[in-house]
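Q: You'll find my_file_29.txt just under this line, and it carries compact mmCIF, N, CA and C atoms.
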```
# COMPACT_ATOMS: atom_id res chain seq x y z
N MET A 1 -7.77 -4.46 1.92
CA MET A 1 -7.56 -5.27 3.10
C MET A 1 -6.62 -4.53 4.05
N ILE A 2 -6.94 -4.57 5.32
CA ILE A 2 -6.10 -3.93 6.33
C ILE A 2 -5.32 -5.00 7.07
N THR A 3 -4.01 -4.78 7.17
CA THR A 3 -3.12 -5.72 7.84
C THR A 3 -2.16 -4.95 8.75
N PRO A 4 -1.60 -5.62 9.75
CA PRO A 4 -0.59 -4.96 10.58
C PRO A 4 0.62 -4.56 9.73
N LEU A 5 1.20 -3.42 10.06
CA LEU A 5 2.42 -2.99 9.38
C LEU A 5 3.62 -3.75 9.93
N THR A 6 4.61 -3.95 9.08
CA THR A 6 5.87 -4.57 9.47
C THR A 6 7.01 -3.65 9.03
N PRO A 7 8.21 -3.88 9.53
CA PRO A 7 9.35 -3.05 9.10
C PRO A 7 9.54 -3.04 7.57
N THR A 8 9.12 -4.07 6.88
CA THR A 8 9.27 -4.08 5.42
C THR A 8 8.35 -3.07 4.74
N ASP A 9 7.35 -2.55 5.47
CA ASP A 9 6.43 -1.53 4.92
C ASP A 9 6.95 -0.11 5.08
N LEU A 10 8.04 0.06 5.80
CA LEU A 10 8.50 1.40 6.15
C LEU A 10 8.79 2.27 4.93
N SER A 11 9.46 1.75 3.92
CA SER A 11 9.78 2.59 2.76
C SER A 11 8.51 3.00 2.01
N ALA A 12 7.52 2.11 1.92
CA ALA A 12 6.25 2.46 1.27
C ALA A 12 5.52 3.52 2.09
N CYS A 13 5.56 3.42 3.42
CA CYS A 13 4.92 4.43 4.28
C CYS A 13 5.60 5.78 4.10
N ARG A 14 6.93 5.77 4.04
CA ARG A 14 7.66 7.03 3.81
C ARG A 14 7.23 7.66 2.49
N ALA A 15 7.10 6.86 1.45
CA ALA A 15 6.72 7.38 0.13
C ALA A 15 5.29 7.93 0.15
N ILE A 16 4.37 7.21 0.78
CA ILE A 16 2.99 7.69 0.88
C ILE A 16 2.96 9.03 1.61
N TYR A 17 3.62 9.09 2.73
CA TYR A 17 3.65 10.32 3.54
C TYR A 17 4.20 11.48 2.72
N ARG A 18 5.42 11.30 2.20
CA ARG A 18 6.10 12.36 1.47
C ARG A 18 5.28 12.81 0.25
N ASN A 19 4.84 11.85 -0.56
CA ASN A 19 4.13 12.18 -1.79
C ASN A 19 2.76 12.80 -1.53
N THR A 20 2.06 12.33 -0.49
CA THR A 20 0.75 12.89 -0.17
C THR A 20 0.87 14.32 0.32
N VAL A 21 1.83 14.58 1.19
CA VAL A 21 2.04 15.95 1.68
C VAL A 21 2.40 16.87 0.51
N ARG A 22 3.26 16.40 -0.38
CA ARG A 22 3.67 17.23 -1.52
C ARG A 22 2.54 17.44 -2.52
N ALA A 23 1.69 16.44 -2.69
CA ALA A 23 0.59 16.55 -3.67
C ALA A 23 -0.56 17.39 -3.14
N LEU A 24 -0.96 17.18 -1.90
CA LEU A 24 -2.14 17.85 -1.35
C LEU A 24 -1.81 19.12 -0.57
N GLY A 25 -0.65 19.15 0.03
CA GLY A 25 -0.27 20.26 0.89
C GLY A 25 -0.38 21.64 0.29
N PRO A 26 0.04 21.85 -0.96
CA PRO A 26 0.00 23.20 -1.52
C PRO A 26 -1.39 23.84 -1.58
N SER A 27 -2.44 23.06 -1.47
CA SER A 27 -3.77 23.66 -1.49
C SER A 27 -4.12 24.37 -0.18
N ARG A 28 -3.39 24.07 0.89
CA ARG A 28 -3.72 24.69 2.19
C ARG A 28 -2.51 25.17 2.97
N TYR A 29 -1.32 24.86 2.49
CA TYR A 29 -0.10 25.21 3.21
C TYR A 29 0.87 25.92 2.28
N SER A 30 1.75 26.71 2.86
CA SER A 30 2.75 27.43 2.07
C SER A 30 3.82 26.45 1.56
N PRO A 31 4.58 26.84 0.53
CA PRO A 31 5.67 25.99 0.06
C PRO A 31 6.67 25.65 1.17
N THR A 32 6.95 26.61 2.05
CA THR A 32 7.87 26.36 3.17
C THR A 32 7.30 25.32 4.12
N GLN A 33 6.01 25.41 4.41
CA GLN A 33 5.37 24.43 5.29
C GLN A 33 5.36 23.03 4.64
N VAL A 34 5.04 22.96 3.38
CA VAL A 34 5.02 21.67 2.67
C VAL A 34 6.41 21.03 2.70
N ALA A 35 7.44 21.81 2.45
CA ALA A 35 8.81 21.27 2.47
C ALA A 35 9.19 20.75 3.85
N ALA A 36 8.87 21.53 4.90
CA ALA A 36 9.20 21.10 6.26
C ALA A 36 8.41 19.86 6.65
N TRP A 37 7.12 19.84 6.31
CA TRP A 37 6.24 18.72 6.67
C TRP A 37 6.68 17.45 5.95
N SER A 38 6.92 17.53 4.66
CA SER A 38 7.27 16.32 3.91
C SER A 38 8.64 15.78 4.30
N ALA A 39 9.53 16.62 4.82
CA ALA A 39 10.86 16.18 5.22
C ALA A 39 10.82 15.20 6.39
N PHE A 40 9.74 15.20 7.16
CA PHE A 40 9.64 14.28 8.30
C PHE A 40 9.72 12.82 7.87
N ALA A 41 9.37 12.51 6.63
CA ALA A 41 9.44 11.13 6.14
C ALA A 41 10.86 10.57 6.24
N ASP A 42 11.86 11.44 6.21
CA ASP A 42 13.25 10.99 6.26
C ASP A 42 13.87 11.12 7.65
N HIS A 43 13.07 11.51 8.62
CA HIS A 43 13.56 11.70 9.99
C HIS A 43 13.56 10.36 10.73
N ASP A 44 14.48 10.20 11.67
CA ASP A 44 14.56 8.97 12.46
C ASP A 44 13.27 8.69 13.23
N ASP A 45 12.57 9.73 13.68
CA ASP A 45 11.35 9.55 14.46
C ASP A 45 10.19 9.00 13.63
N PHE A 46 10.34 8.98 12.31
CA PHE A 46 9.27 8.47 11.46
C PHE A 46 8.98 7.00 11.76
N VAL A 47 9.99 6.24 12.12
CA VAL A 47 9.81 4.82 12.42
C VAL A 47 8.82 4.65 13.57
N ASP A 48 8.99 5.42 14.65
CA ASP A 48 8.07 5.36 15.78
C ASP A 48 6.68 5.84 15.39
N PHE A 49 6.62 6.85 14.57
CA PHE A 49 5.36 7.44 14.10
C PHE A 49 4.50 6.39 13.40
N VAL A 50 5.14 5.43 12.75
CA VAL A 50 4.42 4.43 11.95
C VAL A 50 4.35 3.07 12.63
N LEU A 51 5.46 2.58 13.15
CA LEU A 51 5.54 1.17 13.55
C LEU A 51 5.41 0.90 15.04
N HIS A 52 5.71 1.86 15.90
CA HIS A 52 5.65 1.59 17.34
C HIS A 52 4.20 1.43 17.78
N ASP A 53 3.96 0.58 18.75
CA ASP A 53 2.61 0.29 19.25
C ASP A 53 1.82 -0.46 18.18
N HIS A 54 0.74 0.12 17.68
CA HIS A 54 -0.12 -0.57 16.72
C HIS A 54 -0.16 0.21 15.41
N GLY A 55 0.38 -0.38 14.34
CA GLY A 55 0.36 0.24 13.03
C GLY A 55 -0.32 -0.68 12.03
N PHE A 56 -1.14 -0.10 11.17
CA PHE A 56 -1.89 -0.87 10.18
C PHE A 56 -1.75 -0.24 8.81
N GLY A 57 -1.80 -1.08 7.79
CA GLY A 57 -1.75 -0.59 6.43
C GLY A 57 -2.95 -1.07 5.64
N TYR A 58 -3.39 -0.24 4.72
CA TYR A 58 -4.48 -0.61 3.81
C TYR A 58 -3.84 -1.02 2.49
N ARG A 59 -4.16 -2.23 2.06
CA ARG A 59 -3.57 -2.77 0.83
C ARG A 59 -4.64 -3.07 -0.20
N ASP A 60 -4.32 -2.75 -1.44
CA ASP A 60 -5.13 -3.14 -2.58
C ASP A 60 -4.24 -4.05 -3.39
N HIS A 61 -4.58 -5.32 -3.39
CA HIS A 61 -3.69 -6.36 -3.90
C HIS A 61 -2.43 -6.28 -3.05
N ASP A 62 -1.29 -6.06 -3.58
CA ASP A 62 -0.10 -5.96 -2.73
C ASP A 62 0.38 -4.53 -2.54
N ALA A 63 -0.33 -3.57 -3.12
CA ALA A 63 0.09 -2.17 -3.02
C ALA A 63 -0.42 -1.54 -1.74
N LEU A 64 0.48 -0.94 -0.99
CA LEU A 64 0.10 -0.21 0.23
C LEU A 64 -0.43 1.16 -0.20
N LEU A 65 -1.68 1.46 0.18
CA LEU A 65 -2.32 2.72 -0.21
C LEU A 65 -2.52 3.68 0.96
N GLY A 66 -2.31 3.20 2.18
CA GLY A 66 -2.47 4.06 3.35
C GLY A 66 -1.98 3.37 4.60
N PHE A 67 -1.80 4.16 5.64
CA PHE A 67 -1.35 3.60 6.92
C PHE A 67 -1.86 4.45 8.07
N ALA A 68 -1.94 3.84 9.23
CA ALA A 68 -2.34 4.54 10.45
C ALA A 68 -1.69 3.84 11.63
N SER A 69 -1.46 4.60 12.70
CA SER A 69 -0.90 3.99 13.91
C SER A 69 -1.50 4.65 15.14
N ILE A 70 -1.53 3.88 16.21
CA ILE A 70 -2.11 4.34 17.47
C ILE A 70 -1.26 3.83 18.63
N ALA A 71 -1.07 4.67 19.62
CA ALA A 71 -0.35 4.28 20.84
C ALA A 71 -1.31 3.56 21.78
N VAL A 72 -0.76 2.85 22.73
CA VAL A 72 -1.60 2.08 23.66
C VAL A 72 -2.49 2.97 24.52
N ASP A 73 -2.13 4.26 24.65
CA ASP A 73 -2.96 5.18 25.44
C ASP A 73 -4.09 5.81 24.63
N GLY A 74 -4.23 5.41 23.35
CA GLY A 74 -5.31 5.92 22.51
C GLY A 74 -4.96 7.12 21.67
N TYR A 75 -3.68 7.51 21.66
CA TYR A 75 -3.25 8.64 20.83
C TYR A 75 -3.02 8.16 19.40
N ILE A 76 -3.80 8.69 18.46
CA ILE A 76 -3.65 8.32 17.06
C ILE A 76 -2.50 9.15 16.50
N LYS A 77 -1.41 8.46 16.21
CA LYS A 77 -0.17 9.12 15.82
C LYS A 77 -0.11 9.43 14.33
N SER A 78 -0.67 8.56 13.52
CA SER A 78 -0.57 8.77 12.08
C SER A 78 -1.82 8.27 11.38
N LEU A 79 -2.14 8.91 10.26
CA LEU A 79 -3.24 8.49 9.39
C LEU A 79 -3.02 9.16 8.04
N TYR A 80 -2.49 8.40 7.09
CA TYR A 80 -2.17 8.94 5.77
C TYR A 80 -2.63 7.98 4.69
N VAL A 81 -3.18 8.54 3.62
CA VAL A 81 -3.61 7.77 2.46
C VAL A 81 -2.95 8.39 1.24
N ALA A 82 -2.48 7.54 0.34
CA ALA A 82 -1.86 8.02 -0.89
C ALA A 82 -2.81 8.97 -1.61
N ALA A 83 -2.28 10.07 -2.10
CA ALA A 83 -3.12 11.11 -2.73
C ALA A 83 -3.99 10.54 -3.84
N GLU A 84 -3.46 9.63 -4.62
CA GLU A 84 -4.22 9.05 -5.73
C GLU A 84 -5.30 8.08 -5.27
N ALA A 85 -5.30 7.72 -3.99
CA ALA A 85 -6.29 6.78 -3.45
C ALA A 85 -7.29 7.47 -2.54
N GLY A 86 -7.28 8.78 -2.52
CA GLY A 86 -8.18 9.54 -1.65
C GLY A 86 -9.63 9.43 -2.07
N ARG A 87 -10.48 9.77 -1.12
CA ARG A 87 -11.94 9.82 -1.34
C ARG A 87 -12.55 8.45 -1.67
N ARG A 88 -11.95 7.40 -1.11
CA ARG A 88 -12.49 6.04 -1.28
C ARG A 88 -12.89 5.40 0.04
N GLY A 89 -12.79 6.15 1.13
CA GLY A 89 -13.13 5.62 2.44
C GLY A 89 -11.99 4.89 3.13
N ILE A 90 -10.80 4.94 2.55
CA ILE A 90 -9.65 4.24 3.13
C ILE A 90 -9.28 4.83 4.49
N ALA A 91 -9.25 6.15 4.60
CA ALA A 91 -8.89 6.78 5.88
C ALA A 91 -9.88 6.39 6.97
N SER A 92 -11.17 6.37 6.65
CA SER A 92 -12.17 5.97 7.64
C SER A 92 -11.97 4.52 8.07
N GLN A 93 -11.68 3.65 7.13
CA GLN A 93 -11.45 2.25 7.48
C GLN A 93 -10.22 2.10 8.38
N LEU A 94 -9.15 2.82 8.06
CA LEU A 94 -7.96 2.77 8.90
C LEU A 94 -8.23 3.34 10.28
N LEU A 95 -9.00 4.42 10.35
CA LEU A 95 -9.33 5.01 11.65
C LEU A 95 -10.12 4.02 12.50
N HIS A 96 -11.10 3.37 11.92
CA HIS A 96 -11.86 2.35 12.67
C HIS A 96 -10.95 1.23 13.15
N GLN A 97 -10.00 0.82 12.31
CA GLN A 97 -9.09 -0.26 12.69
C GLN A 97 -8.22 0.11 13.87
N VAL A 98 -7.61 1.31 13.83
CA VAL A 98 -6.74 1.67 14.94
C VAL A 98 -7.53 1.87 16.22
N MET A 99 -8.74 2.41 16.11
CA MET A 99 -9.56 2.60 17.30
C MET A 99 -9.99 1.26 17.90
N ALA A 100 -10.16 0.25 17.07
CA ALA A 100 -10.52 -1.09 17.56
C ALA A 100 -9.32 -1.80 18.18
N ALA A 101 -8.11 -1.32 17.89
CA ALA A 101 -6.90 -2.01 18.36
C ALA A 101 -6.62 -1.77 19.83
N VAL A 102 -7.09 -0.66 20.37
CA VAL A 102 -6.87 -0.35 21.79
C VAL A 102 -8.19 0.13 22.40
N ASP A 103 -8.29 0.02 23.71
CA ASP A 103 -9.49 0.45 24.42
C ASP A 103 -9.05 1.36 25.58
N PRO A 104 -8.69 2.59 25.27
CA PRO A 104 -8.17 3.48 26.31
C PRO A 104 -9.28 3.99 27.23
N VAL A 105 -9.00 4.00 28.49
CA VAL A 105 -9.97 4.44 29.49
C VAL A 105 -10.37 5.90 29.25
N ALA A 106 -9.43 6.74 28.89
CA ALA A 106 -9.69 8.16 28.72
C ALA A 106 -10.17 8.53 27.31
N GLY A 107 -10.34 7.58 26.44
CA GLY A 107 -10.77 7.87 25.07
C GLY A 107 -9.59 8.04 24.14
N TYR A 108 -9.89 8.51 22.94
CA TYR A 108 -8.90 8.63 21.88
C TYR A 108 -8.54 10.10 21.69
N THR A 109 -7.28 10.34 21.35
CA THR A 109 -6.81 11.70 21.08
C THR A 109 -5.99 11.71 19.80
N THR A 110 -5.86 12.89 19.24
CA THR A 110 -5.00 13.08 18.08
C THR A 110 -4.67 14.55 17.94
N VAL A 111 -3.74 14.85 17.07
CA VAL A 111 -3.45 16.21 16.66
C VAL A 111 -3.72 16.25 15.17
N ALA A 112 -4.67 17.08 14.76
CA ALA A 112 -5.15 17.08 13.38
C ALA A 112 -4.62 18.27 12.58
N SER A 113 -4.40 17.99 11.31
CA SER A 113 -4.02 19.04 10.36
C SER A 113 -5.28 19.62 9.73
N GLN A 114 -5.10 20.58 8.84
CA GLN A 114 -6.24 21.12 8.12
C GLN A 114 -6.94 20.04 7.29
N PHE A 115 -6.19 19.04 6.84
CA PHE A 115 -6.77 17.96 6.05
C PHE A 115 -7.52 16.94 6.90
N SER A 116 -6.93 16.57 8.03
CA SER A 116 -7.52 15.47 8.82
C SER A 116 -8.59 15.92 9.80
N ARG A 117 -8.62 17.19 10.14
CA ARG A 117 -9.62 17.67 11.11
C ARG A 117 -11.06 17.31 10.71
N PRO A 118 -11.50 17.54 9.47
CA PRO A 118 -12.88 17.16 9.11
C PRO A 118 -13.14 15.66 9.20
N LEU A 119 -12.16 14.85 8.85
CA LEU A 119 -12.32 13.39 8.95
C LEU A 119 -12.54 12.98 10.40
N PHE A 120 -11.69 13.47 11.28
CA PHE A 120 -11.84 13.12 12.70
C PHE A 120 -13.17 13.62 13.24
N ALA A 121 -13.58 14.81 12.86
CA ALA A 121 -14.86 15.35 13.33
C ALA A 121 -16.02 14.46 12.88
N ARG A 122 -15.97 13.94 11.66
CA ARG A 122 -17.04 13.05 11.18
C ARG A 122 -17.12 11.77 12.00
N HIS A 123 -16.04 11.43 12.68
CA HIS A 123 -16.00 10.20 13.47
C HIS A 123 -16.08 10.45 14.97
N GLY A 124 -16.64 11.60 15.35
CA GLY A 124 -16.93 11.85 16.76
C GLY A 124 -15.87 12.58 17.55
N PHE A 125 -14.80 13.00 16.91
CA PHE A 125 -13.75 13.76 17.60
C PHE A 125 -14.17 15.23 17.68
N VAL A 126 -13.86 15.85 18.81
CA VAL A 126 -14.12 17.27 18.98
C VAL A 126 -12.81 17.99 19.28
N VAL A 127 -12.74 19.24 18.86
CA VAL A 127 -11.55 20.05 19.10
C VAL A 127 -11.49 20.42 20.57
N GLU A 128 -10.35 20.14 21.19
CA GLU A 128 -10.11 20.59 22.56
C GLU A 128 -9.40 21.93 22.55
N THR A 129 -8.45 22.08 21.64
CA THR A 129 -7.70 23.33 21.57
C THR A 129 -7.02 23.46 20.21
N GLU A 130 -6.85 24.68 19.80
CA GLU A 130 -6.04 24.99 18.62
C GLU A 130 -4.67 25.38 19.12
N GLU A 131 -3.64 24.97 18.42
CA GLU A 131 -2.30 25.31 18.84
C GLU A 131 -1.43 25.63 17.64
N THR A 132 -0.39 26.37 17.89
CA THR A 132 0.61 26.63 16.87
C THR A 132 1.89 25.96 17.34
N THR A 133 2.50 25.20 16.43
CA THR A 133 3.72 24.48 16.76
C THR A 133 4.78 24.76 15.72
N LEU A 134 6.02 24.55 16.07
CA LEU A 134 7.12 24.70 15.14
C LEU A 134 7.65 23.32 14.77
N TYR A 135 7.84 23.08 13.49
CA TYR A 135 8.52 21.88 13.03
C TYR A 135 9.55 22.33 12.00
N ASN A 136 10.79 21.94 12.22
CA ASN A 136 11.89 22.40 11.35
C ASN A 136 11.89 23.92 11.23
N GLU A 137 11.60 24.60 12.35
CA GLU A 137 11.59 26.05 12.43
C GLU A 137 10.50 26.71 11.57
N VAL A 138 9.47 25.92 11.22
CA VAL A 138 8.35 26.42 10.44
C VAL A 138 7.09 26.28 11.29
N SER A 139 6.27 27.33 11.31
CA SER A 139 5.07 27.36 12.13
C SER A 139 3.89 26.66 11.45
N PHE A 140 3.14 25.88 12.24
CA PHE A 140 1.94 25.19 11.78
C PHE A 140 0.83 25.37 12.80
N VAL A 141 -0.39 25.57 12.32
CA VAL A 141 -1.56 25.54 13.19
C VAL A 141 -2.13 24.14 13.10
N ARG A 142 -2.49 23.59 14.25
CA ARG A 142 -3.09 22.26 14.29
C ARG A 142 -4.08 22.21 15.45
N TRP A 143 -4.85 21.12 15.52
CA TRP A 143 -5.91 21.01 16.51
C TRP A 143 -5.76 19.73 17.32
N ARG A 144 -5.78 19.89 18.64
CA ARG A 144 -5.83 18.72 19.52
C ARG A 144 -7.29 18.32 19.60
N MET A 145 -7.55 17.04 19.33
CA MET A 145 -8.93 16.55 19.30
C MET A 145 -9.06 15.32 20.17
N ARG A 146 -10.28 15.10 20.66
CA ARG A 146 -10.56 13.97 21.55
C ARG A 146 -11.88 13.33 21.13
N CYS A 147 -11.93 12.02 21.32
CA CYS A 147 -13.14 11.25 21.09
C CYS A 147 -13.36 10.35 22.30
N PRO A 148 -14.57 10.32 22.85
CA PRO A 148 -14.81 9.44 23.99
C PRO A 148 -14.59 7.97 23.61
N ARG A 149 -14.29 7.21 24.60
CA ARG A 149 -14.14 5.77 24.43
C ARG A 149 -15.40 5.18 23.82
N GLN A 150 -15.23 4.29 22.87
CA GLN A 150 -16.37 3.67 22.21
C GLN A 150 -17.02 2.65 23.16
N GLN A 151 -18.31 2.64 23.21
CA GLN A 151 -19.02 1.71 24.11
C GLN A 151 -19.44 0.46 23.36
```
Can you give me the file's structure in the form of structure tokens?
A:
Amino acid sequence: MITPLTPTDLSACRAIYRNTVRALGPSRYSPTQVAAWSAFADHDDFVDFVLHDHGFGYRDHDALLGFASIAVDGYIKSLYVAAEAGRRGIASQLLHQVMAAVDPVAGYTTVASQFSRPLFARHGFVVETEETTLYNEVSFVRWRMRCPRQQ
């Protein structure tokens, strides 16, 4: 079941984020990148990443298994599923939910990692540009992607 996120979900979202990055990250990222990426769960900006604008969580019984958030302009800020709950369609369900939450004139955008890029592509997003960014003084390659407004 997908429900709106509340401040009481923040610690579970932090755990999902941190644990998923640590569990899956080593298959495509260096140890330094995984450490820098997972550290964001403890950063002050994590609250905005999850709860500002429209945030949703996927729950199985009362356990939070994933979360996603979208800004009012259609920028998908977050989409994470617990590593142990992967490959069940949870990310797709969350993506559909956040896209239904807003109707941006210019369409939907996101910045995708090596993990999320294929998911977004399956849902109609196309790469606009590849970029390299620094987070915690560690370099990451990511992709800016766009999807036209749903009709």
Q: I'd like the neighbourhood of region 99-109 of chain A as a list in words, where a residue qualifies if any of its atoms comes within 6 Å (using all atoms listed in the file), though same-chain residues fewer than 6 positions away should be ignored.
A: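 Selected residues are Val72, Asp73, Gly74, Tyr75, Ile76, Met145, Arg146, Cys147, Pro148 and Arg149 of chain A.
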Q: Pick the closest to Phe46 (chain A) from A:Leu10, A:Arg28, A:Asn19, A:Tyr58: which is it, counting all atoms listed in the file?
A: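 So, comparing all the options, the nearest one is A:Leu10.
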Q: Using only C-alpha atoms, find the one residue out of A:Thr110, A:Gln33, A:Gln93, A:Thr6 that sits nearest to Ser78 (chain A).
A: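 Closest to Ser78 (chain A) of all the choices is A:Thr110.
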Q: In Å to one decimal, how far is atom N of Val81 (chain A) from atom N of Phe125 (chain A)?
A: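 Result for atom N of Phe125 (chain A) versus atom N of Val81 (chain A): 18.2 Å, one decimal.
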Q: As a ChimeraX atom specification, please: every residue in chain A that DSSP puts in alpha helix (DSSP H).
A: /A:10-24,31-39,46-51,90-101,116-122
Q: Which parts of region 52-118 of chain A does DSSP call strand (DSSP E) when run on the backbone here, written out as a list in words?
A: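 DSSP on the backbone gives strand (DSSP E) at His54, Gly55, Phe56, Gly57, Tyr58, Arg59, Asp60, Ala63, Leu64, Leu65, Gly66, Phe67, Ala68, Ser69, Ile70, Tyr75, Ile76, Lys77, Ser78, Leu79, Tyr80, Val81, Tyr108, Thr109, Thr110, Val111 and Ala112 of chain A.
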Q: Between CA of His54 (chain A) and CA of Ala39 (chain A), what is the distance, to one decimal in Å?
A: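 Separation of CA of His54 (chain A) and CA of Ala39 (chain A): 23.1 Å.
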Q: Show me a table, sorted first by chain and then by increasing residue number, of the residues of region 69-113 of chain A having an atom at most 7 Å from region 62-65 of chain A, each with its shortest atom pair and the distance in Å to one decimal, counting all atoms listed in the file and written as a tab-separated table.
A:
```
residue	atom	partner	partner_atom	distance
A:Tyr80	C	A:Leu65	C	5.7
A:Val81	CA	A:Leu65	C	4.5
A:Ala82	N	A:Leu65	C	3.9
A:Ala85	CA	A:Leu65	CA	6.5
```
Q: At what distance in Å, to one decimal, does atom C of Thr20 (chain A) lie from atom C of Gly89 (chain A)?
A: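 We find that atom C of Gly89 (chain A) and atom C of Thr20 (chain A) lie 16.2 Å from each other.
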Q: Between A:Ala36, A:Ser11, A:Gly86, A:Ser30, single out the one closest to Asn136 (chain A), counting all atoms listed in the file.
A: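 Between A:Ala36, A:Ser11, A:Gly86, A:Ser30, the residue approaching Asn136 (chain A) most closely is A:Ala36.
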Q: May I ask which of the residues A:Arg87, A:Pro4, A:Val138, A:Arg144 is the closest one to Trp37 (chain A), counting all atoms listed in the file?
A: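 Comparing A:Arg87, A:Pro4, A:Val138, A:Arg144 against Trp37 (chain A), the winner is A:Val138.
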Q: Taking all listed atoms of region 25-29 of chain A, build the axis-aligned box, pad each of the six sides by 4 Å, then write its centre and edge lengths in Å to one decimal as lines of an AutoDock Vina configuration file.
A:
```
center_x = -1.6
center_y = 22.5
center_z = 0.8
size_x = 13.0
size_y = 14.8
size_z = 12.8
```
Q: So that I can check the surroundings of Phe49 (chain A), please list as a JSON list (two decimals) with N, CA and C atoms, in the frame of the given file every protein, DNA and RNA residue that reaches within 12 Å of it, counting only C-alpha atoms and ignoring chain neighbours fewer than 4 positions away.
A:
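The resulting around.json:
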```json
[["chain", "number", "residue", "atom", "x", "y", "z"],
["A", 5, "LEU", "N", 1.20, -3.42, 10.06],
["A", 5, "LEU", "CA", 2.42, -2.99, 9.38],
["A", 5, "LEU", "C", 3.62, -3.75, 9.93],
["A", 10, "LEU", "N", 8.04, 0.06, 5.80],
["A", 10, "LEU", "CA", 8.50, 1.40, 6.15],
["A", 10, "LEU", "C", 8.79, 2.27, 4.93],
["A", 13, "CYS", "N", 5.56, 3.42, 3.42],
["A", 13, "CYS", "CA", 4.92, 4.43, 4.28],
["A", 13, "CYS", "C", 5.60, 5.78, 4.10],
["A", 14, "ARG", "N", 6.93, 5.77, 4.04],
["A", 14, "ARG", "CA", 7.66, 7.03, 3.81],
["A", 14, "ARG", "C", 7.23, 7.66, 2.49],
["A", 17, "TYR", "N", 3.62, 9.09, 2.73],
["A", 17, "TYR", "CA", 3.65, 10.32, 3.54],
["A", 17, "TYR", "C", 4.20, 11.48, 2.72],
["A", 40, "PHE", "N", 9.74, 15.20, 7.16],
["A", 40, "PHE", "CA", 9.64, 14.28, 8.30],
["A", 40, "PHE", "C", 9.72, 12.82, 7.87],
["A", 41, "ALA", "N", 9.37, 12.51, 6.63],
["A", 41, "ALA", "CA", 9.44, 11.13, 6.14],
["A", 41, "ALA", "C", 10.86, 10.57, 6.24],
["A", 42, "ASP", "N", 11.86, 11.44, 6.21],
["A", 42, "ASP", "CA", 13.25, 10.99, 6.26],
["A", 42, "ASP", "C", 13.87, 11.12, 7.65],
["A", 43, "HIS", "N", 13.07, 11.51, 8.62],
["A", 43, "HIS", "CA", 13.56, 11.70, 9.99],
["A", 43, "HIS", "C", 13.56, 10.36, 10.73],
["A", 44, "ASP", "N", 14.48, 10.20, 11.67],
["A", 44, "ASP", "CA", 14.56, 8.97, 12.46],
["A", 44, "ASP", "C", 13.27, 8.69, 13.23],
["A", 45, "ASP", "N", 12.57, 9.73, 13.68],
["A", 45, "ASP", "CA", 11.35, 9.55, 14.46],
["A", 45, "ASP", "C", 10.19, 9.00, 13.63],
["A", 53, "ASP", "N", 3.96, 0.58, 18.75],
["A", 53, "ASP", "CA", 2.61, 0.29, 19.25],
["A", 53, "ASP", "C", 1.82, -0.46, 18.18],
["A", 54, "HIS", "N", 0.74, 0.12, 17.68],
["A", 54, "HIS", "CA", -0.12, -0.57, 16.72],
["A", 54, "HIS", "C", -0.16, 0.21, 15.41],
["A", 55, "GLY", "N", 0.38, -0.38, 14.34],
["A", 55, "GLY", "CA", 0.36, 0.24, 13.03],
["A", 55, "GLY", "C", -0.32, -0.68, 12.03],
["A", 56, "PHE", "N", -1.14, -0.10, 11.17],
["A", 56, "PHE", "CA", -1.89, -0.87, 10.18],
["A", 56, "PHE", "C", -1.75, -0.24, 8.81],
["A", 67, "PHE", "N", -1.80, 4.16, 5.64],
["A", 67, "PHE", "CA", -1.35, 3.60, 6.92],
["A", 67, "PHE", "C", -1.86, 4.45, 8.07],
["A", 68, "ALA", "N", -1.94, 3.84, 9.23],
["A", 68, "ALA", "CA", -2.34, 4.54, 10.45],
["A", 68, "ALA", "C", -1.69, 3.84, 11.63],
["A", 69, "SER", "N", -1.46, 4.60, 12.70],
["A", 69, "SER", "CA", -0.90, 3.99, 13.91],
["A", 69, "SER", "C", -1.50, 4.65, 15.14],
["A", 70, "ILE", "N", -1.53, 3.88, 16.21],
["A", 70, "ILE", "CA", -2.11, 4.34, 17.47],
["A", 70, "ILE", "C", -1.26, 3.83, 18.63],
["A", 71, "ALA", "N", -1.07, 4.67, 19.62],
["A", 71, "ALA", "CA", -0.35, 4.28, 20.84],
["A", 71, "ALA", "C", -1.31, 3.56, 21.78],
["A", 75, "TYR", "N", -3.68, 7.51, 21.66],
["A", 75, "TYR", "CA", -3.25, 8.64, 20.83],
["A", 75, "TYR", "C", -3.02, 8.16, 19.40],
["A", 76, "ILE", "N", -3.80, 8.69, 18.46],
["A", 76, "ILE", "CA", -3.65, 8.32, 17.06],
["A", 76, "ILE", "C", -2.50, 9.15, 16.50],
["A", 77, "LYS", "N", -1.41, 8.46, 16.21],
["A", 77, "LYS", "CA", -0.17, 9.12, 15.82],
["A", 77, "LYS", "C", -0.11, 9.43, 14.33],
["A", 78, "SER", "N", -0.67, 8.56, 13.52],
["A", 78, "SER", "CA", -0.57, 8.77, 12.08],
["A", 78, "SER", "C", -1.82, 8.27, 11.38],
["A", 79, "LEU", "N", -2.14, 8.91, 10.26],
["A", 79, "LEU", "CA", -3.24, 8.49, 9.39],
["A", 79, "LEU", "C", -3.02, 9.16, 8.04],
["A", 80, "TYR", "N", -2.49, 8.40, 7.09],
["A", 80, "TYR", "CA", -2.17, 8.94, 5.77],
["A", 80, "TYR", "C", -2.63, 7.98, 4.69]]
```
Q: Excluding Gln114 (chain A) and residues on its chain fewer than 6 positions from it, collect all residues at most 8 Å away from it, counting all atoms listed in the file, and give them as a JSON list (two decimals) with N, CA and C atoms, in the coordinates of the input.
A:
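Result written to out09.json:
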```json
[["chain", "number", "residue", "atom", "x", "y", "z"],
["A", 28, "ARG", "N", -3.39, 24.07, 0.89],
["A", 28, "ARG", "CA", -3.72, 24.69, 2.19],
["A", 28, "ARG", "C", -2.51, 25.17, 2.97],
["A", 141, "VAL", "N", -0.39, 25.57, 12.32],
["A", 141, "VAL", "CA", -1.56, 25.54, 13.19],
["A", 141, "VAL", "C", -2.13, 24.14, 13.10],
["A", 142, "ARG", "N", -2.49, 23.59, 14.25],
["A", 142, "ARG", "CA", -3.09, 22.26, 14.29],
["A", 142, "ARG", "C", -4.08, 22.21, 15.45],
["A", 143, "TRP", "N", -4.85, 21.12, 15.52],
["A", 143, "TRP", "CA", -5.91, 21.01, 16.51],
["A", 143, "TRP", "C", -5.76, 19.73, 17.32]]
```
